[in-house]
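Asker: The structure that follows is given in the form of structure tokens.
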Amino acid sequence: MSDKKDFRTRVIHEGLHPSEWQGATLPPICQSASHLHETAENLSATFGGKTSDHIYLRLTNPTNRVLEEKLALLESGKGAVVMASGMAAITNACMALLRTGDEFVSGNSLFMSTYILFNNIFKKYGITARLVESTDLAALEAAITDKTRFVYLETIGNPKMDVPNLAETARIAHRHGLPLLVDNTLATPYLCRPLELGADVVIHSTTKYLSGHGDAPGGVVIDGGNFDWQQGRFPDMKPFIDRKGPLAFLDKVWREHHINFGTTQAPLHSYLTMIGLDTLAIRMERHLENCARVVDFLAARPEVTWIKYPGRLDSPSHLTAKAQFNGMGFGGILSFGLRDQAQCFSFINGLKMIYHLANLGDCKTLIIHPSSSQYLSFDEPTKQSLDITPDLIRLSVGIEAVEDICQDLAQSLDRI
């Protein structure tokens with residue numbers, strides 16, 4: 001399909017090959033653990049990488065491959081590997097570049113499980129994450145050493161709602177011979193395509209907006225295919241360069257980690273994600289519109305003590321977000337504060353339509369009190385450093401009628 005077509009068209013049609021599926025406009029769900037090879041020579045050639053035939057579900061799958069092609073095209077990438085979850089994608093992408101004694105630089109505005117992976121688990125293997133303010137370019141560059149292997153950012157911080165400058169960060173990383181990895185889950189390729197801004201690798205939890213219905217866990221690593229992996233910081237990349245050239249990184253992720261860690265995406269989940277992708281653009285339009293209106297509603301309520309949302313003029317990230325997202329919107333999530341934790345609990349318990357659960361990016365409006373749930377095990381100094389305060393509530397605004405969302409918020413605020 002031509003790149004000249006609008007994203008709203010491409011998100012529906014990219015990567016589909018009905019002529020290969022007897023006219024079906026969605027691929028078959030190939031729920032098979034392994035695939036037949038008619039000759040010993042063919043199976044040997046496939047194991048040797050000389051064919052792209054399928055062997056075993058843990059390696060590749062026809063349904064998964066369609067989703068990989070579609071997501072790579074939507075993010076302007078050259079290739080992709082889908083996995084069982086967003087955390088599988090983050091872990092595999094990072095581990096492909098790290099060895100004991102290595103370091104990497106990351107923004108400190110991170111999804112809870114990503115923070116634990118970077119700050120706690122990697123430390124057990126002799127790997128150091130140097131965490132800095134996501135929007136502080138000088139601090140980011142100062143944290144780079146000769147042991148650094150990559151720079152990592154989230155397009156929109158969760159639940160801090162900060163937006164780093166991806167293009168400037170990419171320039172800093174490249175000046176030091178480092179790739180930039182970006183988790184684009186909260187923005188989606190509808191709002192931002194990091195590879196077009198200079199990033200080298202994009203990661204998603206497809207469970208969130210890409211699927212959009214809370215039904216299909218998944219993740220993806222997308223390779224831009226432009227980074228020069230022959231630089232001295234990556235001596236173990238040579239066999240992958242010899243095999244796949246510009247897609248050496250993706251080959252390493254797939255061959256060395258995805259296969260052997262067993263992070264296989266279920267074909268059914270790929271199929272459901274593709275159904276969700278058909279409506280991504282129209283859903284994002286409604287998420288963005290609804291979120292902006294909910295922010296305005298909450299700002300007028302005396303019970304609300306503060307709001308974090310990059311669309312607000314008082315947000316430190318407002319100008320960056322406005323430029324980086326091409327004026328299309330500022331995301332579908334916000335954080336806001338009430339008086340204290342007790343009031344937050346009372347407010348959440350009084351909601352009648354909005355769902356209280358640990359997810360985001362769903363077509364339904366979702367709410368959570370992070371300090372007492374996702375970050376419950378974190379000590380207070382760490383919570384403070386991440387701006388996880390007892391008065392903080394995170395709201396993932398859905399695509400219901402915004403009047404009904406605001407009415408539910410209003411009736412519960414009236415009670416506290």
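In the structure tokens, chains take letters A, B, ... by order of appearance, with residues numbered from 1 within each chain and ligands from 1 in the order shown.
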Can you pull out every residue within 8 Å of Glu69 (chain A), counting only C-alpha atoms, but drop anything in the same chain fewer than 4 positions away, and send it as a ChimeraX atom specification?

Answerer: /A:15,65,73,79-80

Asker: Which one of A:Glu14, A:Ala281, A:Glu289, A:Ile416 sits closest to Ile348 (chain A) if you count only C-alpha atoms?

Answerer: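 Checking each candidate against Ile348 (chain A), we get A:Ile416 as the closest.
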
Asker: So which one's closest to Tyr56 (chain A), A:Thr100, A:Gln31, A:Ser113, A:Thr145? Using only C-alpha atoms, please.

Answerer: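 Ranked by minimum distance to Tyr56 (chain A), first place goes to A:Gln31.
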
Asker: Near Arg283 (chain A), within 9 Å and counting only C-alpha atoms, which residues show up once chain neighbours fewer than 2 positions away are dropped, as an MDAnalysis selection string?

Answerer: chainID A and resid 209 212 279:281 285:288 363 398:399

Asker: Pull C-alpha atoms from the residues just selected and write them as a compact mmCIF listing (two decimals), in the first residue's frame.

Answerer:
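Dumped everything to part-v7.txt:
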```txt
# COMPACT_ATOMS: atom_id res chain seq x y z
CA TYR A 209 -4.55 0.93 22.72
CA GLY A 212 -8.07 -1.59 22.64
CA THR A 279 -10.59 0.96 14.77
CA LEU A 280 -7.39 2.39 16.29
CA ALA A 281 -7.58 5.73 14.48
CA GLU A 285 -9.70 10.43 18.01
CA ARG A 286 -12.35 9.83 20.66
CA HIS A 287 -9.82 9.04 23.44
CA LEU A 288 -7.99 12.31 22.77
CA CYS A 363 -12.19 1.55 25.10
CA GLY A 398 -12.38 5.71 27.31
CA ILE A 399 -14.57 6.30 24.28
```

Asker: Write out as a count of residues only which residues come within 9 Å of region 46-55 of chain A when counting only C-alpha atoms, dropping same-chain ones fewer than 5 positions away.

Answerer: 10

Asker: Enumerate, in order of chain and increasing residue number, the residues of region 1-98 of chain A with an atom no farther than 8 Å from region 261-277 of chain A, each with its shortest atom pair and distance in Å to one decimal, counting only C-alpha atoms, as JSON lines.

Answerer:
```
{"residue": "A:Val11", "atom": "CA", "partner": "A:Leu277", "partner_atom": "CA", "distance": 6.5}
{"residue": "A:Ile12", "atom": "CA", "partner": "A:Leu277", "partner_atom": "CA", "distance": 6.9}
{"residue": "A:Leu26", "atom": "CA", "partner": "A:Tyr271", "partner_atom": "CA", "distance": 7.8}
{"residue": "A:Pro27", "atom": "CA", "partner": "A:Tyr271", "partner_atom": "CA", "distance": 7.4}
{"residue": "A:Ile29", "atom": "CA", "partner": "A:Pro267", "partner_atom": "CA", "distance": 6.0}
{"residue": "A:Cys30", "atom": "CA", "partner": "A:Pro267", "partner_atom": "CA", "distance": 6.5}
{"residue": "A:Gln31", "atom": "CA", "partner": "A:Pro267", "partner_atom": "CA", "distance": 6.2}
{"residue": "A:Leu57", "atom": "CA", "partner": "A:Thr264", "partner_atom": "CA", "distance": 7.3}
{"residue": "A:Arg58", "atom": "CA", "partner": "A:Thr264", "partner_atom": "CA", "distance": 5.4}
{"residue": "A:Leu59", "atom": "CA", "partner": "A:Thr264", "partner_atom": "CA", "distance": 7.7}
{"residue": "A:Asn61", "atom": "CA", "partner": "A:Pro267", "partner_atom": "CA", "distance": 7.3}
{"residue": "A:Thr63", "atom": "CA", "partner": "A:Pro267", "partner_atom": "CA", "distance": 5.7}
{"residue": "A:Asn64", "atom": "CA", "partner": "A:Ser270", "partner_atom": "CA", "distance": 5.7}
{"residue": "A:Leu67", "atom": "CA", "partner": "A:Ser270", "partner_atom": "CA", "distance": 6.2}
{"residue": "A:Val82", "atom": "CA", "partner": "A:Gln265", "partner_atom": "CA", "distance": 6.2}
{"residue": "A:Met83", "atom": "CA", "partner": "A:Gln265", "partner_atom": "CA", "distance": 4.5}
{"residue": "A:Ala84", "atom": "CA", "partner": "A:Gln265", "partner_atom": "CA", "distance": 4.1}
{"residue": "A:Ser85", "atom": "CA", "partner": "A:Gln265", "partner_atom": "CA", "distance": 7.6}
{"residue": "A:Ala88", "atom": "CA", "partner": "A:Thr263", "partner_atom": "CA", "distance": 6.3}
```

Asker: Determine which residues of region 44-191 of chain A DSSP labels as strand (DSSP E or B) from the backbone of this structure, then write them out as a count of residues only.

Answerer: 27

Asker: Using only C-alpha atoms, can you tell me which of A:Asn226, A:Gln341, A:Thr135, A:Thr114 comes closest to Asp183 (chain A)?

Answerer: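 Of A:Asn226, A:Gln341, A:Thr135, A:Thr114, the one nearest Asp183 (chain A) is A:Thr114, counting only C-alpha atoms.
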
Asker: For region 380-390 of chain A, work out the shell of residues within 8 Å, counting only C-alpha atoms and skipping chain neighbours fewer than 6 positions away, then give it as a list of chain:residue names.

Answerer: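 The neighbour list is A:Asn108, A:Ser109, A:Pro159, A:Lys160, A:Asp340, A:Gln341, A:Pro370, A:Ser371, A:Ser372.
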
Asker: Could you pull the residues within 12 Å of Val295 (chain A), counting only C-alpha atoms, minus those fewer than 3 positions along the same chain, as a VMD selection string?

Answerer: chain A and resid 288 to 292 298 to 301 304 306 to 313 330 to 336 394 to 397 402 405 to 406 409

Asker: May I ask which of the residues A:Asn120, A:Arg130, A:Ser76, A:Asn359 is the closest one to Asp102 (chain A), counting only C-alpha atoms?

Answerer: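 Closest candidate: A:Arg130.
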
Asker: For each of A:Asp362, A:Glu20, A:Glu75, A:Asp414, take the minimum atom-to-atom distance to Pro189 (chain A), counting only C-alpha atoms, then give the residue where this is smallest.

Answerer: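 Looking at the shortest contact to Pro189 (chain A), the residue is A:Glu75.
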
Asker: Check the smallest atom-to-atom distance from each of A:Ala199, A:Leu117, A:Ala170, A:Leu137 to Gly77 (chain A) using only C-alpha atoms, then report the winner.

Answerer: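 Of all the options, A:Ala199 lies closest to Gly77 (chain A).
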
Asker: Tell me, as a ChimeraX atom specification, which residues lie within 9 Å of Phe111 (chain A), counting only C-alpha atoms; anything in the same chain fewer than 6 positions away does not count.

Answerer: /A:154,157-159

Asker: Taking only residues of region 140-210 of chain A that have an atom at most 6 Å from an atom of region 315-326 of chain A, what is each one's shortest atom pair and its distance in Å to one decimal, using only C-alpha atoms, in chain and number order, as a Markdown table?

Answerer:
```
| residue | atom | partner | partner_atom | distance |
| --- | --- | --- | --- | --- |
| A:Asp162 | CA | A:Ser317 | CA | 5.7 |
| A:Val163 | CA | A:Ser317 | CA | 5.4 |
| A:Leu191 | CA | A:Phe325 | CA | 5.5 |
| A:Cys192 | CA | A:Phe325 | CA | 5.6 |
```

Asker: Could you jot down the CA of Gly337 (chain A) to CA of Ser106 (chain A) separation for me, Å, one decimal place?

Answerer: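 Result for CA of Gly337 (chain A) versus CA of Ser106 (chain A): 26.4 Å, one decimal.
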